[in-house]
file run15.json (JSON, C-alpha atoms (C1' of nucleotides))
[["chain", "number", "residue", "atom", "x", "y", "z"],
["A", 1, "MET", "CA", 7.26, -16.37, -31.65],
["A", 2, "ASP", "CA", 3.71, -17.69, -31.85],
["A", 3, "ALA", "CA", 1.15, -16.49, -34.39],
["A", 4, "LYS", "CA", -0.85, -14.35, -31.96],
["A", 5, "THR", "CA", 2.26, -12.52, -30.78],
["A", 6, "HIS", "CA", 3.37, -12.02, -34.33],
["A", 7, "ALA", "CA", -0.01, -10.58, -35.33],
["A", 8, "LYS", "CA", 0.12, -8.09, -32.47],
["A", 9, "LEU", "CA", 3.64, -7.02, -33.33],
["A", 10, "GLU", "CA", 2.73, -6.79, -36.99],
["A", 11, "THR", "CA", -0.02, -4.35, -36.05],
["A", 12, "ARG", "CA", 2.33, -2.27, -33.93],
["A", 13, "ALA", "CA", 4.85, -2.26, -36.74],
["A", 14, "ARG", "CA", 2.26, -1.12, -39.29],
["A", 15, "ILE", "CA", 1.41, 1.91, -37.15],
["A", 16, "MET", "CA", 5.08, 2.69, -36.71],
["A", 17, "ARG", "CA", 5.71, 2.37, -40.43],
["A", 18, "ALA", "CA", 2.84, 4.73, -41.20],
["A", 19, "LEU", "CA", 4.48, 7.29, -38.92],
["A", 20, "ALA", "CA", 7.99, 6.65, -40.21],
["A", 21, "HIS", "CA", 8.19, 9.37, -42.83],
["A", 22, "PRO", "CA", 9.05, 13.06, -42.41],
["A", 23, "SER", "CA", 6.26, 14.29, -44.68],
["A", 24, "ARG", "CA", 3.66, 12.24, -42.88],
["A", 25, "LEU", "CA", 4.86, 13.45, -39.49],
["A", 26, "PHE", "CA", 4.81, 16.98, -40.85],
["A", 27, "MET", "CA", 1.21, 16.66, -42.02],
["A", 28, "ILE", "CA", 0.20, 15.27, -38.64],
["A", 29, "GLU", "CA", 1.74, 18.32, -36.99],
["A", 30, "GLN", "CA", -0.11, 20.57, -39.39],
["A", 31, "LEU", "CA", -3.38, 18.78, -38.76],
["A", 32, "ALA", "CA", -2.85, 19.41, -35.06],
["A", 33, "GLY", "CA", -4.04, 22.93, -35.83],
["A", 34, "GLY", "CA", -7.26, 21.66, -37.36],
["A", 35, "GLU", "CA", -8.46, 20.09, -40.57],
["A", 36, "ARG", "CA", -6.78, 20.84, -43.88],
["A", 37, "CYS", "CA", -7.66, 20.06, -47.46],
["A", 38, "VAL", "CA", -5.22, 18.17, -49.66],
["A", 39, "CYS", "CA", -4.15, 21.21, -51.65],
["A", 40, "GLU", "CA", -3.31, 23.13, -48.48],
["A", 41, "LEU", "CA", -1.16, 20.25, -47.24],
["A", 42, "THR", "CA", 0.40, 19.93, -50.69],
["A", 43, "GLU", "CA", 1.38, 23.58, -50.54],
["A", 44, "MET", "CA", 2.93, 23.12, -47.09],
["A", 45, "VAL", "CA", 4.77, 19.91, -47.83],
["A", 46, "GLY", "CA", 6.03, 20.98, -51.23],
["A", 47, "SER", "CA", 5.68, 17.66, -53.05],
["A", 48, "ASP", "CA", 3.41, 16.67, -55.88],
["A", 49, "ILE", "CA", -0.26, 16.50, -54.95],
["A", 50, "SER", "CA", -0.41, 12.84, -55.90],
["A", 51, "THR", "CA", 2.44, 12.09, -53.51],
["A", 52, "VAL", "CA", 0.67, 13.92, -50.70],
["A", 53, "SER", "CA", -2.57, 12.14, -51.48],
["A", 54, "LYS", "CA", -0.85, 8.79, -51.20],
["A", 55, "HIS", "CA", 0.77, 9.73, -47.90],
["A", 56, "LEU", "CA", -2.64, 10.70, -46.59],
["A", 57, "SER", "CA", -4.17, 7.44, -47.73],
["A", 58, "ILE", "CA", -1.48, 5.56, -45.80],
["A", 59, "LEU", "CA", -2.30, 7.53, -42.64],
["A", 60, "LYS", "CA", -5.99, 6.97, -43.27],
["A", 61, "SER", "CA", -5.58, 3.23, -43.79],
["A", 62, "GLU", "CA", -4.05, 3.02, -40.31],
["A", 63, "GLY", "CA", -6.87, 5.06, -38.81],
["A", 64, "ILE", "CA", -4.61, 7.96, -37.91],
["A", 65, "VAL", "CA", -6.49, 10.51, -39.96],
["A", 66, "ARG", "CA", -10.02, 10.79, -41.24],
["A", 67, "ASP", "CA", -11.21, 12.38, -44.48],
["A", 68, "GLU", "CA", -14.36, 14.30, -45.27],
["A", 69, "LYS", "CA", -15.34, 15.33, -48.74],
["A", 70, "ARG", "CA", -16.93, 18.76, -49.04],
["A", 71, "GLY", "CA", -17.51, 19.90, -52.59],
["A", 72, "ALA", "CA", -14.45, 19.44, -54.69],
["A", 73, "GLN", "CA", -12.16, 19.43, -51.66],
["A", 74, "VAL", "CA", -11.27, 16.65, -49.26],
["A", 75, "PHE", "CA", -10.52, 17.71, -45.72],
["A", 76, "TYR", "CA", -8.30, 15.58, -43.55],
["A", 77, "SER", "CA", -8.20, 15.67, -39.78],
["A", 78, "ILE", "CA", -6.66, 13.72, -36.93],
["A", 79, "THR", "CA", -8.93, 10.98, -35.57],
["A", 80, "ASP", "CA", -7.36, 10.84, -32.11],
["A", 81, "PHE", "CA", -5.12, 13.57, -30.81],
["A", 82, "ARG", "CA", -3.35, 11.07, -28.60],
["A", 83, "VAL", "CA", -1.33, 10.19, -31.68],
["A", 84, "LEU", "CA", 0.10, 13.68, -31.48],
["A", 85, "ARG", "CA", 1.25, 13.17, -27.93],
["A", 86, "PHE", "CA", 2.70, 9.88, -29.05],
["A", 87, "VAL", "CA", 4.86, 11.20, -31.87],
["A", 88, "ARG", "CA", 6.01, 14.15, -29.77],
["A", 89, "GLN", "CA", 7.25, 11.76, -27.09],
["A", 90, "ILE", "CA", 10.07, 10.80, -29.40],
["A", 91, "GLU", "CA", 11.75, 14.09, -28.56],
["A", 92, "LEU", "CA", 11.84, 13.14, -24.87],
["A", 93, "LEU", "CA", 12.99, 9.66, -25.73],
["A", 94, "LEU", "CA", 15.82, 11.09, -27.81],
["A", 95, "ALA", "CA", 16.90, 13.41, -25.02],
["A", 96, "HIS", "CA", 17.01, 10.54, -22.55],
["A", 97, "MET", "CA", 18.90, 8.31, -24.93],
["A", 98, "LEU", "CA", 21.45, 11.03, -25.58],
["A", 99, "GLU", "CA", 21.88, 11.41, -21.85],
["A", 100, "ASN", "CA", 22.53, 7.69, -21.55],
["A", 101, "GLN", "CA", 25.07, 7.84, -24.33],
["A", 102, "MET", "CA", 26.86, 10.59, -22.46],
["A", 103, "LYS", "CA", 27.02, 8.48, -19.33],
["A", 104, "ALA", "CA", 28.24, 5.49, -21.32],
["A", 105, "ALA", "CA", 30.95, 7.60, -22.91],
["A", 106, "ASP", "CA", 32.50, 7.94, -19.43],
["A", 107, "VAL", "CA", 33.61, 11.53, -19.78],
["A", 108, "PRO", "CA", 36.53, 12.24, -17.38],
["A", 109, "GLN", "CA", 35.57, 14.29, -14.29],
["A", 110, "SER", "CA", 32.05, 14.52, -15.74],
["A", 111, "ARG", "CA", 32.92, 17.98, -16.94],
["A", 112, "VAL", "CA", 30.51, 17.89, -19.82],
["A", 113, "GLY", "CA", 26.92, 18.30, -18.69],
["A", 114, "PHE", "CA", 24.01, 17.17, -20.75],
["A", 115, "ALA", "CA", 22.77, 20.71, -21.28],
["A", 116, "GLN", "CA", 26.15, 21.77, -22.62],
["A", 117, "PHE", "CA", 26.20, 18.78, -24.89],
["A", 118, "LEU", "CA", 22.79, 19.64, -26.26],
["A", 119, "ARG", "CA", 23.88, 23.22, -26.84],
["A", 120, "ARG", "CA", 26.90, 22.08, -28.78],
["A", 121, "THR", "CA", 24.97, 19.71, -31.06],
["A", 122, "PRO", "CA", 22.00, 21.57, -32.51],
["B", 1, "MET", "CA", 8.86, 23.19, -44.41],
["B", 2, "ASP", "CA", 12.18, 24.77, -43.39],
["B", 3, "ALA", "CA", 15.42, 22.85, -42.99],
["B", 4, "LYS", "CA", 15.41, 22.81, -39.19],
["B", 5, "THR", "CA", 11.88, 21.42, -39.07],
["B", 6, "HIS", "CA", 12.75, 18.85, -41.67],
["B", 7, "ALA", "CA", 15.83, 17.73, -39.73],
["B", 8, "LYS", "CA", 13.77, 17.25, -36.59],
["B", 9, "LEU", "CA", 11.11, 15.28, -38.42],
["B", 10, "GLU", "CA", 13.75, 13.23, -40.17],
["B", 11, "THR", "CA", 15.12, 12.26, -36.75],
["B", 12, "ARG", "CA", 11.68, 11.31, -35.48],
["B", 13, "ALA", "CA", 11.09, 9.30, -38.62],
["B", 14, "ARG", "CA", 14.37, 7.43, -38.26],
["B", 15, "ILE", "CA", 13.41, 6.28, -34.77],
["B", 16, "MET", "CA", 9.99, 5.24, -36.00],
["B", 17, "ARG", "CA", 11.51, 3.35, -38.90],
["B", 18, "ALA", "CA", 13.88, 1.51, -36.57],
["B", 19, "LEU", "CA", 10.87, 0.38, -34.55],
["B", 20, "ALA", "CA", 8.72, -0.42, -37.57],
["B", 21, "HIS", "CA", 9.43, -4.12, -37.85],
["B", 22, "PRO", "CA", 7.84, -7.05, -36.02],
["B", 23, "SER", "CA", 11.15, -8.81, -35.34],
["B", 24, "ARG", "CA", 12.73, -5.68, -33.94],
["B", 25, "LEU", "CA", 9.72, -5.01, -31.72],
["B", 26, "PHE", "CA", 9.87, -8.61, -30.61],
["B", 27, "MET", "CA", 13.51, -8.36, -29.66],
["B", 28, "ILE", "CA", 12.84, -5.20, -27.70],
["B", 29, "GLU", "CA", 10.15, -7.03, -25.76],
["B", 30, "GLN", "CA", 12.56, -9.89, -25.09],
["B", 31, "LEU", "CA", 15.28, -7.50, -23.96],
["B", 32, "ALA", "CA", 12.79, -6.06, -21.50],
["B", 33, "GLY", "CA", 13.56, -9.14, -19.40],
["B", 34, "GLY", "CA", 17.26, -8.40, -19.42],
["B", 35, "GLU", "CA", 20.24, -8.68, -21.74],
["B", 36, "ARG", "CA", 20.43, -11.41, -24.35],
["B", 37, "CYS", "CA", 23.17, -12.60, -26.64],
["B", 38, "VAL", "CA", 22.63, -12.72, -30.38],
["B", 39, "CYS", "CA", 22.24, -16.48, -30.55],
["B", 40, "GLU", "CA", 19.53, -16.45, -27.88],
["B", 41, "LEU", "CA", 17.62, -13.79, -29.80],
["B", 42, "THR", "CA", 18.16, -15.71, -33.03],
["B", 43, "GLU", "CA", 16.62, -18.76, -31.42],
["B", 44, "MET", "CA", 13.59, -16.74, -30.26],
["B", 45, "VAL", "CA", 13.02, -14.86, -33.50],
["B", 46, "GLY", "CA", 13.55, -17.83, -35.76],
["B", 47, "SER", "CA", 15.41, -16.08, -38.57],
["B", 48, "ASP", "CA", 18.96, -16.48, -39.75],
["B", 49, "ILE", "CA", 21.55, -15.17, -37.31],
["B", 50, "SER", "CA", 22.81, -12.69, -39.90],
["B", 51, "THR", "CA", 19.31, -11.25, -40.25],
["B", 52, "VAL", "CA", 19.01, -10.87, -36.49],
["B", 53, "SER", "CA", 22.43, -9.28, -36.29],
["B", 54, "LYS", "CA", 21.42, -6.69, -38.88],
["B", 55, "HIS", "CA", 18.18, -5.92, -37.06],
["B", 56, "LEU", "CA", 20.18, -5.38, -33.89],
["B", 57, "SER", "CA", 22.62, -3.10, -35.64],
["B", 58, "ILE", "CA", 19.70, -0.97, -36.82],
["B", 59, "LEU", "CA", 18.40, -0.68, -33.26],
["B", 60, "LYS", "CA", 21.90, 0.08, -32.05],
["B", 61, "SER", "CA", 22.50, 2.76, -34.65],
["B", 62, "GLU", "CA", 19.43, 4.59, -33.32],
["B", 63, "GLY", "CA", 20.65, 4.24, -29.76],
["B", 64, "ILE", "CA", 17.77, 1.99, -28.74],
["B", 65, "VAL", "CA", 19.96, -0.89, -27.68],
["B", 66, "ARG", "CA", 23.54, -1.20, -26.50],
["B", 67, "ASP", "CA", 25.95, -4.09, -27.10],
["B", 68, "GLU", "CA", 28.63, -5.53, -24.92],
["B", 69, "LYS", "CA", 31.09, -8.12, -26.07],
["B", 70, "ARG", "CA", 31.95, -10.82, -23.53],
["B", 71, "GLY", "CA", 34.09, -13.58, -24.88],
["B", 72, "ALA", "CA", 32.72, -14.91, -28.11],
["B", 73, "GLN", "CA", 29.24, -13.62, -27.35],
["B", 74, "VAL", "CA", 27.74, -10.19, -27.81],
["B", 75, "PHE", "CA", 25.07, -9.24, -25.32],
["B", 76, "TYR", "CA", 22.47, -6.68, -26.26],
["B", 77, "SER", "CA", 20.38, -4.70, -23.81],
["B", 78, "ILE", "CA", 17.96, -1.80, -23.86],
["B", 79, "THR", "CA", 19.61, 1.57, -23.29],
["B", 80, "ASP", "CA", 16.52, 3.33, -21.94],
["B", 81, "PHE", "CA", 13.49, 1.44, -20.78],
["B", 82, "ARG", "CA", 11.29, 4.39, -21.66],
["B", 83, "VAL", "CA", 11.39, 3.04, -25.21],
["B", 84, "LEU", "CA", 9.47, 0.06, -23.90],
["B", 85, "ARG", "CA", 6.72, 2.24, -22.49],
["B", 86, "PHE", "CA", 6.71, 4.05, -25.80],
["B", 87, "VAL", "CA", 6.15, 1.04, -28.03],
["B", 88, "ARG", "CA", 3.58, -0.39, -25.65],
["B", 89, "GLN", "CA", 1.56, 2.79, -25.89],
["B", 90, "ILE", "CA", 0.61, 1.79, -29.41],
["B", 91, "GLU", "CA", -1.81, -0.71, -27.93],
["B", 92, "LEU", "CA", -3.66, 2.07, -26.13],
["B", 93, "LEU", "CA", -3.56, 4.22, -29.22],
["B", 94, "LEU", "CA", -5.04, 1.40, -31.26],
["B", 95, "ALA", "CA", -7.83, 0.85, -28.78],
["B", 96, "HIS", "CA", -8.74, 4.53, -28.81],
["B", 97, "MET", "CA", -8.63, 4.71, -32.59],
["B", 98, "LEU", "CA", -10.85, 1.65, -32.89],
["B", 99, "GLU", "CA", -13.29, 3.30, -30.51],
["B", 100, "ASN", "CA", -13.32, 6.38, -32.69],
["B", 101, "GLN", "CA", -13.94, 4.27, -35.76],
["B", 102, "MET", "CA", -16.91, 2.72, -34.02],
["B", 103, "LYS", "CA", -18.35, 6.12, -33.26],
["B", 104, "ALA", "CA", -17.74, 7.27, -36.81],
["B", 105, "ALA", "CA", -19.46, 4.20, -38.17],
["B", 106, "ASP", "CA", -22.70, 5.46, -36.60],
["B", 107, "VAL", "CA", -24.03, 2.09, -35.58],
["B", 108, "PRO", "CA", -27.85, 2.26, -35.22],
["B", 109, "GLN", "CA", -29.07, 2.32, -31.58],
["B", 110, "SER", "CA", -25.41, 1.92, -30.55],
["B", 111, "ARG", "CA", -26.11, -1.73, -30.03],
["B", 112, "VAL", "CA", -22.52, -2.77, -30.61],
["B", 113, "GLY", "CA", -20.28, -1.93, -27.70],
["B", 114, "PHE", "CA", -16.58, -1.51, -27.98],
["B", 115, "ALA", "CA", -15.87, -4.55, -25.87],
["B", 116, "GLN", "CA", -18.07, -6.71, -28.07],
["B", 117, "PHE", "CA", -16.35, -5.34, -31.11],
["B", 118, "LEU", "CA", -12.96, -6.19, -29.69],
["B", 119, "ARG", "CA", -14.14, -9.70, -28.86],
["B", 120, "ARG", "CA", -15.32, -10.24, -32.39],
["B", 121, "THR", "CA", -12.05, -9.14, -34.02],
["B", 122, "PRO", "CA", -9.16, -11.00, -32.38],
["C", 1, "DT", "C1'", 47.80, -25.16, -33.24],
["C", 2, "DG", "C1'", 43.50, -26.53, -35.02],
["C", 3, "DG", "C1'", 38.71, -26.99, -34.71],
["C", 4, "DC", "C1'", 34.50, -25.04, -33.02],
["C", 5, "DC", "C1'", 31.45, -21.48, -31.72],
["C", 6, "DT", "C1'", 29.66, -16.67, -32.10],
["C", 7, "DC", "C1'", 28.90, -12.84, -34.58],
["C", 8, "DT", "C1'", 29.38, -9.31, -38.45],
["C", 9, "DT", "C1'", 29.69, -8.01, -43.18],
["C", 10, "DG", "C1'", 29.21, -8.20, -48.16],
["C", 11, "DG", "C1'", 26.68, -10.01, -51.97],
["C", 12, "DC", "C1'", 22.60, -11.12, -54.10],
["C", 13, "DC", "C1'", 17.68, -11.00, -55.01],
["C", 14, "DA", "C1'", 12.71, -10.21, -54.53],
["C", 15, "DA", "C1'", 9.54, -7.00, -52.59],
["C", 16, "DT", "C1'", 8.28, -2.56, -51.10],
["C", 17, "DC", "C1'", 8.63, 2.47, -50.97],
["C", 18, "DG", "C1'", 8.43, 7.03, -52.57],
["C", 19, "DA", "C1'", 8.75, 10.23, -56.11],
["C", 20, "DC", "C1'", 6.70, 12.11, -60.41],
["C", 21, "DC", "C1'", 3.64, 12.13, -64.52],
["C", 22, "DA", "C1'", -0.63, 11.10, -66.89],
["C", 23, "DA", "C1'", -5.36, 10.03, -66.96],
["C", 24, "DG", "C1'", -9.69, 10.38, -65.24],
["C", 25, "DA", "C1'", -13.47, 10.97, -61.67],
["C", 26, "DA", "C1'", -16.15, 14.40, -59.26],
["C", 27, "DC", "C1'", -17.59, 18.87, -58.18],
["C", 28, "DT", "C1'", -18.14, 24.09, -59.28],
["C", 29, "DG", "C1'", -19.09, 28.18, -61.70],
["C", 30, "DG", "C1'", -19.72, 30.57, -65.96],
["D", 1, "DC", "C1'", -22.67, 22.02, -71.25],
["D", 2, "DC", "C1'", -17.88, 23.33, -70.82],
["D", 3, "DA", "C1'", -13.83, 24.82, -68.58],
["D", 4, "DG", "C1'", -11.37, 24.77, -64.48],
["D", 5, "DT", "C1'", -10.25, 22.98, -59.93],
["D", 6, "DT", "C1'", -9.47, 19.23, -56.67],
["D", 7, "DC", "C1'", -8.25, 14.84, -55.71],
["D", 8, "DT", "C1'", -7.31, 9.75, -56.54],
["D", 9, "DT", "C1'", -5.32, 6.00, -59.03],
["D", 10, "DG", "C1'", -2.30, 3.52, -62.20],
["D", 11, "DG", "C1'", 2.18, 3.38, -64.27],
["D", 12, "DT", "C1'", 7.03, 3.78, -64.18],
["D", 13, "DC", "C1'", 11.47, 4.02, -62.14],
["D", 14, "DG", "C1'", 15.27, 4.45, -58.90],
["D", 15, "DA", "C1'", 16.27, 3.64, -53.94],
["D", 16, "DT", "C1'", 15.63, 1.08, -49.85],
["D", 17, "DT", "C1'", 14.39, -2.99, -47.19],
["D", 18, "DG", "C1'", 14.68, -7.56, -45.58],
["D", 19, "DG", "C1'", 15.71, -12.19, -46.30],
["D", 20, "DC", "C1'", 19.39, -15.90, -46.88],
["D", 21, "DC", "C1'", 24.05, -17.60, -48.02],
["D", 22, "DA", "C1'", 29.03, -17.31, -47.91],
["D", 23, "DA", "C1'", 33.16, -15.58, -46.11],
["D", 24, "DG", "C1'", 35.85, -14.13, -42.51],
["D", 25, "DA", "C1'", 37.10, -12.05, -37.94],
["D", 26, "DG", "C1'", 37.71, -13.11, -33.22],
["D", 27, "DG", "C1'", 37.38, -15.88, -28.91],
["D", 28, "DC", "C1'", 37.68, -20.48, -26.52],
["D", 29, "DC", "C1'", 39.35, -24.88, -25.46],
["D", 30, "DA", "C1'", 41.22, -29.48, -26.31]]
call {"tool": "encode", "arguments": {"input": "run15.json", "output": "structure tokens"}}
result
Amino acid sequence: MDAKTHAKLETRARIMRALAHPSRLFMIEQLAGGERCVCELTEMVGSDISTVSKHLSILKSEGIVRDEKRGAQVFYSITDFRVLRFVRQIELLLAHMLENQMKAADVPQSRVGFAQFLRRTP
Amino acid sequence: MDAKTHAKLETRARIMRALAHPSRLFMIEQLAGGERCVCELTEMVGSDISTVSKHLSILKSEGIVRDEKRGAQVFYSITDFRVLRFVRQIELLLAHMLENQMKAADVPQSRVGFAQFLRRTP
DNA sequence: TGGCCTCTTGGCCAATCGACCAAGAACTGG
DNA sequence: CCAGTTCTTGGTCGATTGGCCAAGAGGCCA
């Protein structure tokens, strides 16, 4: 693995890591509906405000969100809504992977459809 | 944040976390070219074989790769190639976010194009 | 069988993460 | 100016991560 390749993968990994936390994903979903100040997000997430602030700074450091100070409040918003499409794709990915697992399981007579499987595992 | 929402986000986050490591992303890229046994991947990554094995088990536990034992070797392969498209999308995302940052920077006379910017920061 | 190869697992350790609290910076309104 | 609100930052602490080594399971072949 040469240095250039490693640098590129390191960058990819940093983005992934920034998105790899439920609270951060939650805030991104909330910001999909428009900008929010830190105290609003704190209320929604339910953690300490300092925790939320740090989560936001992680997202900001990766360029995923942008902040704008207005008075005493700081409003955060999504810089590129494509990131939203990106994180939501995981749902599709999961569905496909589940489907593959079903196939691999080699269910006799294929009596268990994917839809039924999904229904049974909420 | 209700329990159902949290569970869904937790799942998304787990996938992200599994992908949030340079070596794991590297192995996924390598597996794009077809199945590989652990020792081949170890050779490519350059870490200890036990480290590589653990990385693979993380990817496997999230259903991203599949393993098949043949003799003394264990061959890993990608379960759904959509995951490849997914991780590669980060490049596009990054490009768009950089572009946004350029706009936000409010460069006078817009003399610095995005392409030039990219060239200057390898 | 015995030695070799391949891989996984457990143990250990340093580094990082994520939570909260406390302190303080910055703005607002009385 | 002072009190109150909003937010960030530093500190601390337990949990998790990621690396290597050592041990052992399991397959292959002389």
call {"tool": "atom_distance", "arguments": {"input": "run15.json", "atom1": "CA of Ile15 in chain A", "atom2": "CA of Asp2 in chain A"}}
result
20.4 Å
call {"tool": "closest_atom_pairs", "arguments": {"input": "run15.json", "of": "chain A", "to": "chain D", "cutoff": "12 Å", "atoms": "only C-alpha atoms (C1' of nucleotides)", "output": "Markdown table"}}
result
| residue | atom | partner | partner_atom | distance |
| --- | --- | --- | --- | --- |
| A:Cys37 | CA | D:DT6 | C1' | 9.4 |
| A:Val38 | CA | D:DC7 | C1' | 7.5 |
| A:Cys39 | CA | D:DT6 | C1' | 7.6 |
| A:Glu40 | CA | D:DT6 | C1' | 11.0 |
| A:Thr42 | CA | D:DC7 | C1' | 11.2 |
| A:Asp48 | CA | D:DC7 | C1' | 11.8 |
| A:Ile49 | CA | D:DC7 | C1' | 8.2 |
| A:Ser50 | CA | D:DT8 | C1' | 7.6 |
| A:Thr51 | CA | D:DT8 | C1' | 10.5 |
| A:Val52 | CA | D:DC7 | C1' | 10.3 |
| A:Ser53 | CA | D:DT8 | C1' | 7.3 |
| A:Lys54 | CA | D:DT8 | C1' | 8.4 |
| A:His55 | CA | D:DT8 | C1' | 11.8 |
| A:Leu56 | CA | D:DT8 | C1' | 11.0 |
| A:Ser57 | CA | D:DT8 | C1' | 9.6 |
| A:Asp67 | CA | D:DC7 | C1' | 11.9 |
| A:Lys69 | CA | D:DC7 | C1' | 10.0 |
| A:Arg70 | CA | D:DT6 | C1' | 10.7 |
| A:Gly71 | CA | D:DT6 | C1' | 9.0 |
| A:Ala72 | CA | D:DT6 | C1' | 5.4 |
| A:Gln73 | CA | D:DT6 | C1' | 5.7 |
| A:Val74 | CA | D:DC7 | C1' | 7.3 |
| A:Phe75 | CA | D:DC7 | C1' | 10.6 |
call {"tool": "interface_residues", "arguments": {"input": "run15.json", "of": "chain B", "to": "chain A", "cutoff": "8 Å", "atoms": "only C-alpha atoms", "output": "ChimeraX atom specification"}}
result
/B:1,6,9-10,12-17,19-23,25-26,44-46,63-64,79-80,82-83,86-87,89-91,93,96-98,100-101
call {"tool": "interface_residues", "arguments": {"input": "run15.json", "of": "chain C", "to": "chain A", "cutoff": "12 Å", "atoms": "all atoms listed in the file", "output": "list of chain:residue names"}}
result
C:DC17, C:DG18, C:DA19, C:DC20, C:DC21, C:DA22, C:DA25, C:DA26, C:DC27, C:DT28
call {"tool": "atom_distance", "arguments": {"input": "run15.json", "atom1": "CA of Ile28 in chain A", "atom2": "CA of Leu59 in chain A"}}
result
9.1 Å
call {"tool": "atom_distance", "arguments": {"input": "run15.json", "atom1": "CA of Leu31 in chain B", "atom2": "CA of Tyr76 in chain B"}}
result
7.6 Å
